[in-house]
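Below is upload-v9.txt, which holds compact mmCIF, C-alpha atoms.
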```
# COMPACT_ATOMS: atom_id res chain seq x y z
CA MET A 1154 -23.86 -35.01 -2.16
CA LYS A 1155 -20.33 -35.85 -1.05
CA THR A 1156 -17.28 -33.88 -0.09
CA SER A 1157 -13.96 -34.98 1.34
CA PHE A 1158 -11.37 -33.51 3.67
CA HIS A 1159 -7.69 -34.43 3.61
CA LYS A 1160 -6.55 -35.42 7.08
CA LYS A 1161 -3.28 -33.48 6.73
CA ILE A 1162 -5.26 -30.26 6.25
CA TYR A 1163 -8.43 -30.79 8.24
CA PRO A 1164 -8.34 -32.56 11.62
CA ALA A 1165 -11.00 -35.24 12.03
CA LYS A 1166 -12.27 -33.43 15.12
CA ALA A 1167 -13.13 -30.33 13.03
CA VAL A 1168 -15.17 -32.50 10.67
CA LYS A 1169 -16.89 -34.14 13.62
CA VAL A 1170 -17.82 -30.78 15.17
CA ALA A 1171 -19.23 -29.59 11.83
CA ALA A 1172 -21.16 -32.83 11.37
CA GLU A 1173 -22.74 -32.39 14.82
CA ALA A 1174 -23.65 -28.78 14.01
CA PHE A 1175 -25.21 -29.68 10.66
CA ALA A 1176 -27.00 -32.80 11.91
CA GLU A 1177 -30.03 -30.65 12.82
CA VAL A 1178 -30.53 -29.33 9.28
CA ALA A 1179 -29.35 -32.19 7.07
CA GLU A 1180 -28.60 -35.88 7.06
CA ILE A 1181 -24.86 -36.27 7.57
CA HIS A 1182 -22.82 -39.41 7.11
CA VAL A 1183 -19.10 -39.36 7.91
CA ALA A 1184 -16.65 -42.07 6.79
CA ARG A 1185 -12.89 -42.57 6.64
CA ASP A 1186 -11.41 -43.25 3.21
CA GLY A 1187 -7.62 -43.51 3.33
CA ASP A 1188 -6.18 -40.02 3.78
CA TYR A 1189 -9.62 -38.47 3.52
CA THR A 1190 -12.62 -38.02 5.75
CA THR A 1191 -15.60 -38.31 3.46
CA VAL A 1192 -18.86 -36.59 4.31
CA SER A 1193 -22.20 -37.20 2.67
CA ILE A 1194 -24.79 -34.43 3.06
CA GLU A 1195 -28.46 -34.79 2.15
CA SER A 1196 -30.64 -31.82 2.96
CA GLY A 1197 -33.80 -33.24 1.43
CA ASN A 1198 -33.77 -30.65 -1.33
CA PRO A 1199 -31.16 -31.54 -4.01
CA ASP A 1200 -31.10 -27.92 -5.28
CA GLU A 1201 -29.85 -26.74 -1.91
CA ASP A 1202 -27.26 -29.46 -1.40
CA VAL A 1203 -24.53 -27.44 -3.14
CA GLU A 1204 -25.02 -24.62 -0.65
CA TYR A 1205 -25.12 -27.02 2.29
CA VAL A 1206 -21.89 -28.66 1.17
CA GLY A 1207 -20.23 -25.26 0.69
CA GLU A 1208 -21.34 -24.05 4.11
CA PHE A 1209 -20.18 -27.33 5.62
CA GLU A 1210 -16.75 -26.92 4.02
CA ASN A 1211 -16.46 -23.37 5.33
CA PHE A 1212 -17.54 -24.52 8.79
CA VAL A 1213 -14.88 -27.24 8.84
CA LEU A 1214 -12.28 -24.73 7.67
CA GLY A 1215 -13.31 -22.27 10.38
CA GLU A 1216 -13.10 -25.01 13.02
CA THR A 1217 -9.69 -26.06 11.74
CA ILE A 1218 -8.41 -22.49 12.00
CA ALA A 1219 -9.90 -22.09 15.47
CA MET A 1220 -8.30 -25.33 16.63
CA ARG A 1221 -4.91 -24.28 15.29
CA GLY A 1222 -5.17 -20.90 16.97
CA LEU A 1223 -4.28 -18.53 14.14
CA LYS A 1224 -1.66 -15.98 15.23
CA MET B 1212 19.84 -22.04 -25.85
CA PRO B 1213 17.39 -24.62 -24.51
CA ALA B 1214 14.39 -23.33 -22.63
CA LYS B 1215 14.75 -23.64 -18.90
CA LYS B 1216 12.43 -26.27 -17.50
CA ALA B 1217 9.93 -24.78 -15.06
CA ASP B 1218 10.60 -25.84 -11.51
CA SER B 1219 7.51 -27.37 -9.97
CA ARG B 1220 8.35 -25.53 -6.73
CA SER B 1221 7.67 -22.19 -8.41
CA GLU B 1222 4.22 -23.33 -9.49
CA PHE B 1223 1.40 -21.06 -8.49
CA MET B 1224 -1.45 -21.46 -10.93
CA ALA B 1225 -5.01 -20.26 -10.91
CA THR B 1226 -7.55 -21.68 -13.35
CA VAL B 1227 -11.28 -21.50 -13.80
CA LYS B 1228 -13.04 -24.88 -13.92
CA GLY B 1229 -16.79 -24.76 -14.40
CA ASP B 1230 -18.26 -22.65 -11.62
CA ALA B 1231 -15.13 -22.73 -9.48
CA ALA B 1232 -11.74 -21.08 -9.36
CA VAL B 1233 -8.94 -23.56 -8.70
CA ILE B 1234 -5.61 -22.43 -7.27
CA ARG B 1235 -2.73 -24.87 -7.19
CA PHE B 1236 0.65 -24.21 -5.64
CA HIS B 1237 3.69 -26.04 -4.27
CA LYS B 1238 3.44 -26.28 -0.51
CA SER B 1239 7.01 -25.04 -0.06
CA LEU B 1240 5.93 -21.64 -1.46
CA TYR B 1241 3.53 -20.73 1.33
CA SER B 1242 3.11 -21.91 4.90
CA THR B 1243 -0.06 -23.56 6.15
CA ASP B 1244 -0.59 -20.51 8.37
CA ALA B 1245 -0.59 -18.25 5.31
CA LEU B 1246 -3.03 -20.59 3.55
CA PHE B 1247 -5.44 -20.69 6.48
CA GLY B 1248 -5.13 -16.93 7.04
CA THR B 1249 -6.04 -16.33 3.40
CA ALA B 1250 -8.84 -18.88 3.39
CA PHE B 1251 -10.33 -17.24 6.47
CA VAL B 1252 -10.51 -13.88 4.67
CA PHE B 1253 -12.50 -15.50 1.84
CA LEU B 1254 -15.06 -17.38 3.94
CA ASP B 1255 -17.66 -14.61 3.54
CA ARG B 1256 -17.21 -14.33 -0.23
CA CYS B 1257 -17.13 -17.95 -1.34
CA TYR B 1258 -16.98 -21.57 -0.32
CA VAL B 1259 -13.38 -22.57 0.25
CA HIS B 1260 -12.10 -26.12 0.02
CA CYS B 1261 -8.45 -27.12 0.38
CA ASP B 1262 -7.03 -30.39 -0.84
CA MET B 1263 -3.67 -32.10 -1.08
CA PRO B 1264 -3.69 -34.20 -4.28
CA ASP B 1265 -0.08 -35.23 -3.71
CA ASN B 1266 2.53 -34.70 -1.03
CA ASP B 1267 3.92 -31.53 -2.61
CA HIS B 1268 0.93 -29.53 -3.77
CA ILE B 1269 -2.05 -27.78 -2.27
CA VAL B 1270 -5.19 -27.18 -4.31
CA VAL B 1271 -7.72 -24.59 -3.20
CA THR B 1272 -11.18 -24.54 -4.78
CA LEU B 1273 -13.26 -21.38 -4.51
CA VAL B 1274 -16.96 -21.54 -5.34
CA PRO B 1275 -18.68 -18.14 -5.14
CA ARG B 1276 -21.73 -17.85 -2.91
CA ALA B 1277 -25.13 -17.38 -4.58
CA GLY B 1278 -25.52 -13.79 -5.77
CA SER B 1279 -21.85 -13.01 -5.36
CA LYS B 1280 -20.62 -9.91 -7.18
CA TRP B 1281 -17.16 -11.45 -7.57
CA SER B 1282 -16.20 -13.18 -10.81
CA LEU B 1283 -14.10 -16.34 -10.64
CA ALA B 1284 -11.08 -14.57 -12.14
CA GLU B 1285 -11.37 -11.79 -9.56
CA LEU B 1286 -11.66 -14.28 -6.71
CA ALA B 1287 -8.60 -16.20 -7.92
CA GLY B 1288 -6.57 -12.99 -8.33
CA GLU B 1289 -7.61 -11.66 -4.94
CA PHE B 1290 -6.78 -14.99 -3.35
CA LYS B 1291 -3.29 -14.95 -4.83
CA ASN B 1292 -2.70 -11.40 -3.62
CA GLU B 1293 -3.96 -12.25 -0.15
CA MET B 1294 -1.62 -15.25 -0.02
CA VAL B 1295 1.34 -12.93 -0.62
CA SER B 1296 0.01 -10.50 1.98
CA GLN B 1297 -0.49 -13.22 4.59
CA ALA B 1298 2.92 -14.74 3.91
CA LEU B 1299 4.54 -11.34 4.47
CA ARG B 1300 2.46 -10.81 7.59
CA PHE B 1301 3.64 -14.08 9.11
CA LYS B 1302 7.23 -13.42 8.08
CA LEU B 1303 7.20 -9.99 9.76
CA ALA B 1304 5.45 -11.40 12.83
CA LYS B 1305 8.18 -14.02 13.15
CA GLN B 1306 10.97 -11.48 12.58
CA THR B 1307 9.68 -9.03 15.17
CA GLU B 1308 8.47 -11.55 17.75
CA LYS B 1309 11.43 -11.04 20.12
CA LEU B 1310 11.31 -7.27 19.78
CA ARG B 1311 7.57 -7.15 20.52
CA THR B 1312 8.01 -9.39 23.53
CA MET B 1313 10.81 -7.13 24.78
CA ILE B 1314 8.73 -3.94 24.32
CA VAL B 1315 5.74 -5.37 26.17
CA GLY B 1316 7.99 -6.75 28.91
CA ARG B 1317 9.69 -3.38 29.36
CA ALA B 1318 6.35 -1.52 29.37
CA ILE B 1319 5.04 -3.79 32.13
CA GLY B 1320 8.30 -3.46 34.05
CA GLU B 1321 8.27 0.35 33.84
CA SER B 1322 4.65 0.55 34.94
CA ILE B 1323 5.67 -0.78 38.39
CA PRO B 1324 6.70 2.19 40.62
CA PRO B 1325 10.32 2.03 41.84
CA ASP B 1326 9.39 2.53 45.53
CA ALA B 1327 6.75 -0.19 45.48
CA PRO B 1328 7.19 -2.67 48.35
CA ALA B 1329 8.79 -5.89 47.24
CA GLN B 1330 6.81 -8.06 49.63
CA ALA B 1331 3.28 -9.21 49.00
CA PRO B 1332 0.64 -6.58 49.80
CA SER B 1333 -1.12 -6.85 53.13
CA SER B 1334 -4.69 -8.08 53.27
CA ALA B 1335 -5.94 -4.54 53.91
CA MET B 1336 -4.45 -3.29 50.64
CA VAL B 1337 -6.17 -3.82 47.31
CA PRO B 1338 -3.54 -5.37 45.00
CA ASP B 1339 -4.95 -4.03 41.71
CA LEU B 1340 -4.87 -0.38 42.79
CA PRO B 1341 -1.85 1.94 42.69
CA PRO B 1342 -0.10 2.07 46.10
CA GLU B 1343 -1.11 5.71 46.77
CA VAL B 1344 -4.80 4.92 46.30
CA ALA B 1345 -4.53 1.72 48.32
CA LYS B 1346 -2.83 3.67 51.15
CA LEU B 1347 -5.62 6.28 51.19
CA LEU B 1348 -8.23 3.56 51.22
CA SER B 1349 -6.58 1.72 54.11
CA GLU B 1350 -6.30 4.99 56.13
CA GLU B 1351 -9.97 5.67 55.51
CA GLU B 1352 -10.88 2.16 56.54
CA GLU B 1353 -9.01 2.62 59.83
CA SER B 1354 -10.89 5.84 60.64
CA LEU B 1355 -14.27 4.34 59.80
CA ASP B 1356 -16.46 2.77 62.45
CA PHE B 1357 -19.38 0.60 61.44
CA LEU B 1358 -21.48 2.27 64.14
CA ASP B 1359 -20.96 5.73 62.60
CA ASP B 1360 -23.91 6.90 60.53
CA PRO B 1361 -23.18 10.48 59.44
CA PHE B 1362 -25.91 10.48 56.74
CA GLY B 1363 -28.56 8.80 58.86
CA ILE B 1364 -29.08 5.92 56.50
CA ALA B 1365 -29.20 3.36 59.31
CA VAL B 1366 -32.27 4.98 60.92
CA PRO B 1367 -35.28 2.65 60.66
CA TRP B 1368 -38.11 3.80 58.41
CA GLU B 1369 -40.64 3.85 61.27
CA GLU B 1370 -38.43 6.02 63.49
CA LYS B 1371 -37.57 8.45 60.70
CA TYR B 1372 -41.18 9.00 59.58
CA ALA B 1373 -42.63 8.86 63.09
CA LYS B 1374 -40.41 11.83 63.97
CA GLU B 1375 -41.52 13.73 60.86
CA GLU B 1376 -45.19 13.02 61.59
CA GLY B 1377 -44.68 14.17 65.21
CA ARG B 1378 -43.18 17.41 63.94
CA ASN B 1379 -46.09 17.88 61.54
CA ASP B 1380 -48.58 17.29 64.37
CA GLN B 1381 -46.79 19.87 66.52
CA GLN B 1382 -46.84 22.41 63.68
CA LYS B 1383 -50.59 21.92 63.27
```

Would you mind writing the file's structure down as structure tokens?
Amino acid sequence: MKTSFHKKIYPAKAVKVAAEAFAEVAEIHVARDGDYTTVSIESGNPDEDVEYVGEFENFVLGETIAMRGLK
Amino acid sequence: MPAKKADSRSEFMATVKGDAAVIRFHKSLYSTDALFGTAFVFLDRCYVHCDMPDNDHIVVTLVPRAGSKWSLAELAGEFKNEMVSQALRFKLAKQTEKLRTMIVGRAIGESIPPDAPAQAPSSAMVPDLPPEVAKLLSEEEESLDFLDDPFGIAVPWEEKYAKEEGRNDQQK
């Protein structure tokens, strides 16, 4: 299952950190596609992939906020 | 009178698409800080994904977590309200930034006693303590001798108990 992150919203480093964190529980493949960083997530159980992708998106968002240093 | 054409800058739409709530707004309406502040509040309720389909608009997709008690319409409405709240929060924070800095600066300045020595404290004084306490401590340190043992804690175990046993033997 794929998801993509716009580089103007999500820094590539946040995606990289999330990919490293999720590498233990799922197969992660990261690629650049124009303005987007595309991530493919395969957990082994297709029924759970939606949840994995959602959690991954939240993780990237959390990392992005942490990197920005929300006031 | 012809109907006024809606300005795309005033766009702030929330729609339900399948199992997700989609919020679309012009990026000039809300700052990125307000967007991230709002998204952070929703991380525990749903999966949040932000996108920029063109240079002017932001699209936020909210997918509720499994077993969520929130309906999509509720999530979208709450998200819109939180955006307003966060935008106001950042506006007020920006407006009062100088005042807050001044208040904290004055509080720190007033906490320093007026008769405090301007030069750096001597090595005997503890810099984190108030000067009165540091003075007392330094006076006490001067009067103390490391050979003094008023409580008898430096007496070796053998000596201390040998004396007690000797006394016990004498009593018997």

For atom CA of Val1178 of chain A and atom CA of Thr1217 of chain A, the interatomic separation in Å (one decimal)
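These atoms are spaced 21.2 Å apart.
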
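Going from atom CA of Thr1191 of chain A to atom CA of Gly1215 of chain A covers 17.6 Å.
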
Taking all atoms listed in the file into account, what are the residues of chain A at most 10 Å from chain B, put as JSON, numbers by chain?
{"A": [1156, 1157, 1158, 1159, 1160, 1161, 1162, 1163, 1188, 1189, 1203, 1204, 1206, 1207, 1208, 1209, 1210, 1211, 1212, 1213, 1214, 1215, 1217, 1218, 1221, 1222, 1223, 1224]}

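Atom CA of Leu1246 of chain B is positioned 17.9 Å from atom CA of Glu1285 of chain B.
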
Of the candidates A:Pro1164, A:Val1192, A:Glu1216, A:Asp1200, which shows the shortest atom-to-atom distance to Ala1176 of chain A, using only C-alpha atoms?
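Closest to Ala1176 of chain A of all the choices is A:Val1192.
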
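Each of A:Lys1166, A:Ala1219, A:Lys1155, A:Thr1190 was checked against Asp1202 of chain A using all atoms listed in the file; the smallest atom-to-atom distance is that of A:Lys1155.
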
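Of the listed residues A:Met1220, A:Glu1201, A:Ala1167, A:Met1154, the one whose atoms come nearest to His1182 of chain A is A:Met1154, with distances taken using only C-alpha atoms.
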
Select, counting only C-alpha atoms, all protein, DNA and RNA residues no farther than 10 Å from (-16.3, -13.9, -11.1) in file coordinates, and express the selection as a ChimeraX atom specification.
/B:1227,1230-1232,1274-1275,1279-1287

Closest to Tyr1205 of chain A among A:Val1170, A:Ser1193, A:Arg1185, A:Ala1165, using all atoms listed in the file?
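Checking each of A:Val1170, A:Ser1193, A:Arg1185, A:Ala1165 against Tyr1205 of chain A, counting all atoms listed in the file, the winner is A:Ser1193.
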
Please return segment 1186-1202 of chain A, rebuilt to N, CA, C and O atoms, as a short mmCIF file (atom, residue, chain, number, x, y, z; two decimals), keeping the file's coordinate frame.
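See selection.cif below for the written result:
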```cif
data_model
loop_
_atom_site.label_atom_id
_atom_site.label_comp_id
_atom_site.auth_asym_id
_atom_site.auth_seq_id
_atom_site.Cartn_x
_atom_site.Cartn_y
_atom_site.Cartn_z
N ASP A 1186 -11.77 -42.65 4.49
CA ASP A 1186 -11.41 -43.25 3.21
C ASP A 1186 -9.93 -42.93 2.94
O ASP A 1186 -9.60 -41.94 2.29
N GLY A 1187 -9.06 -43.73 3.49
CA GLY A 1187 -7.62 -43.51 3.33
C GLY A 1187 -7.20 -42.22 4.01
O GLY A 1187 -7.41 -42.03 5.22
N ASP A 1188 -6.63 -41.30 3.23
CA ASP A 1188 -6.18 -40.02 3.78
C ASP A 1188 -7.32 -39.02 3.94
O ASP A 1188 -7.10 -37.90 4.38
N TYR A 1189 -8.50 -39.41 3.54
CA TYR A 1189 -9.62 -38.47 3.52
C TYR A 1189 -10.72 -38.85 4.52
O TYR A 1189 -10.93 -40.03 4.80
N THR A 1190 -11.38 -37.82 5.00
CA THR A 1190 -12.62 -38.02 5.75
C THR A 1190 -13.74 -37.62 4.79
O THR A 1190 -13.80 -36.47 4.35
N THR A 1191 -14.55 -38.57 4.44
CA THR A 1191 -15.60 -38.31 3.46
C THR A 1191 -16.92 -38.02 4.17
O THR A 1191 -17.27 -38.72 5.13
N VAL A 1192 -17.60 -36.99 3.68
CA VAL A 1192 -18.86 -36.59 4.31
C VAL A 1192 -19.95 -36.56 3.24
O VAL A 1192 -19.77 -35.97 2.18
N SER A 1193 -21.05 -37.21 3.57
CA SER A 1193 -22.20 -37.20 2.67
C SER A 1193 -23.28 -36.34 3.30
O SER A 1193 -23.62 -36.51 4.48
N ILE A 1194 -23.79 -35.37 2.52
CA ILE A 1194 -24.79 -34.43 3.06
C ILE A 1194 -26.05 -34.49 2.20
O ILE A 1194 -25.99 -34.29 0.98
N GLU A 1195 -27.17 -34.76 2.84
CA GLU A 1195 -28.46 -34.79 2.15
C GLU A 1195 -29.41 -33.86 2.91
O GLU A 1195 -29.79 -34.15 4.04
N SER A 1196 -29.78 -32.78 2.27
CA SER A 1196 -30.64 -31.82 2.96
C SER A 1196 -32.12 -32.11 2.73
O SER A 1196 -32.98 -31.53 3.38
N GLY A 1197 -32.40 -32.97 1.77
CA GLY A 1197 -33.80 -33.24 1.43
C GLY A 1197 -34.21 -32.49 0.18
O GLY A 1197 -35.15 -32.87 -0.51
N ASN A 1198 -33.52 -31.41 -0.11
CA ASN A 1198 -33.77 -30.65 -1.33
C ASN A 1198 -32.48 -30.63 -2.17
O ASN A 1198 -31.53 -29.92 -1.82
N PRO A 1199 -32.41 -31.43 -3.24
CA PRO A 1199 -31.16 -31.54 -4.01
C PRO A 1199 -30.63 -30.20 -4.54
O PRO A 1199 -29.43 -30.03 -4.72
N ASP A 1200 -31.54 -29.24 -4.78
CA ASP A 1200 -31.10 -27.92 -5.28
C ASP A 1200 -30.28 -27.17 -4.24
O ASP A 1200 -29.45 -26.32 -4.57
N GLU A 1201 -30.55 -27.47 -2.98
CA GLU A 1201 -29.85 -26.74 -1.91
C GLU A 1201 -28.59 -27.46 -1.42
O GLU A 1201 -27.84 -26.90 -0.63
N ASP A 1202 -28.39 -28.67 -1.89
CA ASP A 1202 -27.26 -29.46 -1.40
C ASP A 1202 -25.90 -28.80 -1.66
O ASP A 1202 -24.99 -28.89 -0.84
#
```
